[in-house]
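**Q** One structure, as structure tokens, below. Some questions next.
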Amino acid sequence: MLQTLLVILVTNIHYWRVNAPAVALEMPITKKTEPIIDQKNSLNDLTNTQWMIETKSVWFSKPPQRDKLKAQHPATFAETDIVRLIEFFTKRGGKVLDPFVGSGSTLIACSQCSRIGTGVELIQRWADTARNRLEHKKPDPLQTVLEGDVRKVLPTLSDSSFDFVVTSPPYWMILRKDNDHKVKAERKAKGLETRYSDEKNDLGNLGSYEEFLKELKSVFIQCSRVLKKKKYMCVVVSDFRHKSKFYAYHADISQVIEAAGFTLEGITILAQDSKALYPYGIPYAFVSNIHHQYILIFRNKA
Ligand SMILES: C[S@@+](CC[C@H](N)C(=O)[O-])C[C@H]1O[C@@H](n2cnc3c(N)ncnc32)[C@H](O)[C@@H]1O
């Protein structure tokens with residue numbers, strides 16, 4: 001009985017070895033299909049499979065090394081991540097706004113994927129950095145940097161004039177920490193900026209966290225007005241500690257943005273696996289090494 005079973009098994013393995021590769025080789029050649037964009041897709045230019053992949057709630061950020069100009073700015077996001085967002089939430093030629101454009105990452109991303117970008121920046125130095133980076137990479141007349149206080153600039157833009165908003169708002173007080181904070185000390189040693197600015201209109205310099213959130217709300221009310229109805233806004237933030245208190249910034253800002261006219265549709269965790277670890281708190285208390293950001297995904301109410 002056992003012998004019969006063994007013979008059947010060996011015969012089958014032999015049959016599979018002889019026949020399977022031919023079938024397997026044939027499949028991709030004869031059944032190759034071109035990716036098709038769903039005709040009902042009014043959001044982006046992705047195939048349904050590409051769409052599905054981007055809805056995974058964890059992304060691993062793998063930014064290339066920052067260029068010298070970008071490295072001057074103390075809190076940038078990676079163009080590679082922003083291109084993914086722009087390509088998911090707009091079609092080619094779509095209009096994108098970043099109300100806090102900093103070193104111009106959103107505009108560089110727009111240029112890379114043929115979208116029309118507008119960025120607002122308070123500090124002349126960073127506005128110039130954004131312009132210089134654009135000039136340096138590939139001059140693109142479709143990208144615009146508007147210099148000034150976002151609370152004054154946004155009211156000058158027309159209603160429903162953008163297809164997508166993507167931004168990383170200032171961090172309250174986080175860039176004002178003492179220089180013994182390890183990351184700050186490292187930047188200082190390299191001669192890099194550790195603050196956005198000392199400007200009083202810089203929202204990150206506002207005295208209280210409540211006041212800071214209130215001012216952000218007024219900015220997001222304007223974002224809702226200039227964004228087309230039912231279109232999306234992504235806000236990239238990180239939680240933080242200030243004077244040993246932990247601030248769940250992503251939760252607080254989500255509430256503020258919902259009160260400004262948006263609905264929270266989801267959160268994608270942006271894992272930053274390549275950051276250095278520091279021995280915070282050891283051996284006395286738990287202090288997190290924050291190695292992720294939140295991409296908060298909102299939709300403009302109708
Ligand atoms: C987190 S950074 C944005 C960095 C940007 N995502 C990048 O990759 O370079 C926030 C920016 O908001 C700017 N900012 C702060 N207050 C502002 C205001 N009232 N109006 C316009 N920009 C402001 C800061 O100067 C800073 O460059």
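To be explicit about the labels: the chains of the structure tokens are called A, B, and onward in the order shown, and within each one the residues are counted from 1, while ligands get numbers from 1 in the order they are shown.
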Write out, as a tab-separated table, each residue of chain A that has an atom at most 6 Å from ligand 1, together with the closest pair of atoms and their distance in Å to one decimal, counting only C-alpha atoms and all ligand atoms, rows going by chain and rising number.
**A**
```
residue	atom	partner	partner_atom_place_in_ligand_line	distance
A:Ala75	CA	ligand 1	1 (C)	5.0
A:Thr76	CA	ligand 1	8 (O)	3.3
A:Phe77	CA	ligand 1	8 (O)	4.2
A:Phe100	CA	ligand 1	12 (O)	4.1
A:Val101	CA	ligand 1	5 (C)	4.8
A:Gly102	CA	ligand 1	27 (O)	3.4
A:Ser103	CA	ligand 1	9 (O)	3.6
A:Gly104	CA	ligand 1	9 (O)	5.3
A:Ser105	CA	ligand 1	8 (O)	4.5
A:Val120	CA	ligand 1	21 (C)	5.7
A:Glu121	CA	ligand 1	22 (N)	4.0
A:Leu122	CA	ligand 1	21 (C)	3.8
A:Ile123	CA	ligand 1	25 (O)	5.2
A:Gly148	CA	ligand 1	21 (C)	6.0
A:Asp149	CA	ligand 1	20 (N)	3.6
A:Val150	CA	ligand 1	20 (N)	3.8
A:Thr167	CA	ligand 1	6 (N)	6.0
A:Ser168	CA	ligand 1	1 (C)	4.8
A:Pro169	CA	ligand 1	10 (C)	4.8
A:Pro170	CA	ligand 1	10 (C)	4.0
A:Tyr196	CA	ligand 1	25 (O)	4.9
A:Asn201	CA	ligand 1	19 (N)	5.1
A:Asp202	CA	ligand 1	16 (N)	3.5
A:Leu203	CA	ligand 1	16 (N)	4.2
A:Gly204	CA	ligand 1	15 (C)	5.9
```
**Q** Quick check for you: according to DSSP on this backbone, which residues of segment 19-106 of chain A are classed as strand (DSSP E)? Reply as a PyMOL selection string.
**A** chain A and resi 58-60+95-98
**Q** Please, which residues of segment 27-148 of chain A, numbered as in this document, come out helix (DSSP H, G or I) from DSSP, as a ChimeraX atom specification?
**A** /A:27-30,48-54,68-71,79-89,105-112,124-137
**Q** Show me, as a list in words, the residues that have an atom within 10 Å of Pro64 of chain A when counting only C-alpha atoms, minus same-chain residues fewer than 2 positions from it.
**A** Ser61, Lys62, Arg66, Asp67, Ala78, Glu79 and Thr80 of chain A
**Q** Produce a table with one row for each residue of segment 44-112 of chain A that has an atom at most 12 Å from any atom of segment 157-160 of chain A, each row naming the nearest atom pair and its distance in Å at one decimal; use only C-alpha atoms; arrange rows by chain and rising residue number; format as a tab-separated table.
**A**
```
residue	atom	partner	partner_atom	distance
A:Lys95	CA	A:Ser160	CA	10.5
A:Val96	CA	A:Ser160	CA	11.6
A:Leu97	CA	A:Leu157	CA	10.6
A:Pro99	CA	A:Leu157	CA	11.5
```
**Q** Using Å and a single decimal, report how far atom CA of Tyr294 of chain A sits from atom CA of Lys243 of chain A.
**A** 22.1 Å
**Q** Rank nothing, just name the residue among A:Ile53, A:Leu206, A:Val226, A:Val83 nearest to Val153 of chain A, using only C-alpha atoms.
**A**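 Answer, going by the shortest atom-to-atom distance: A:Val226.
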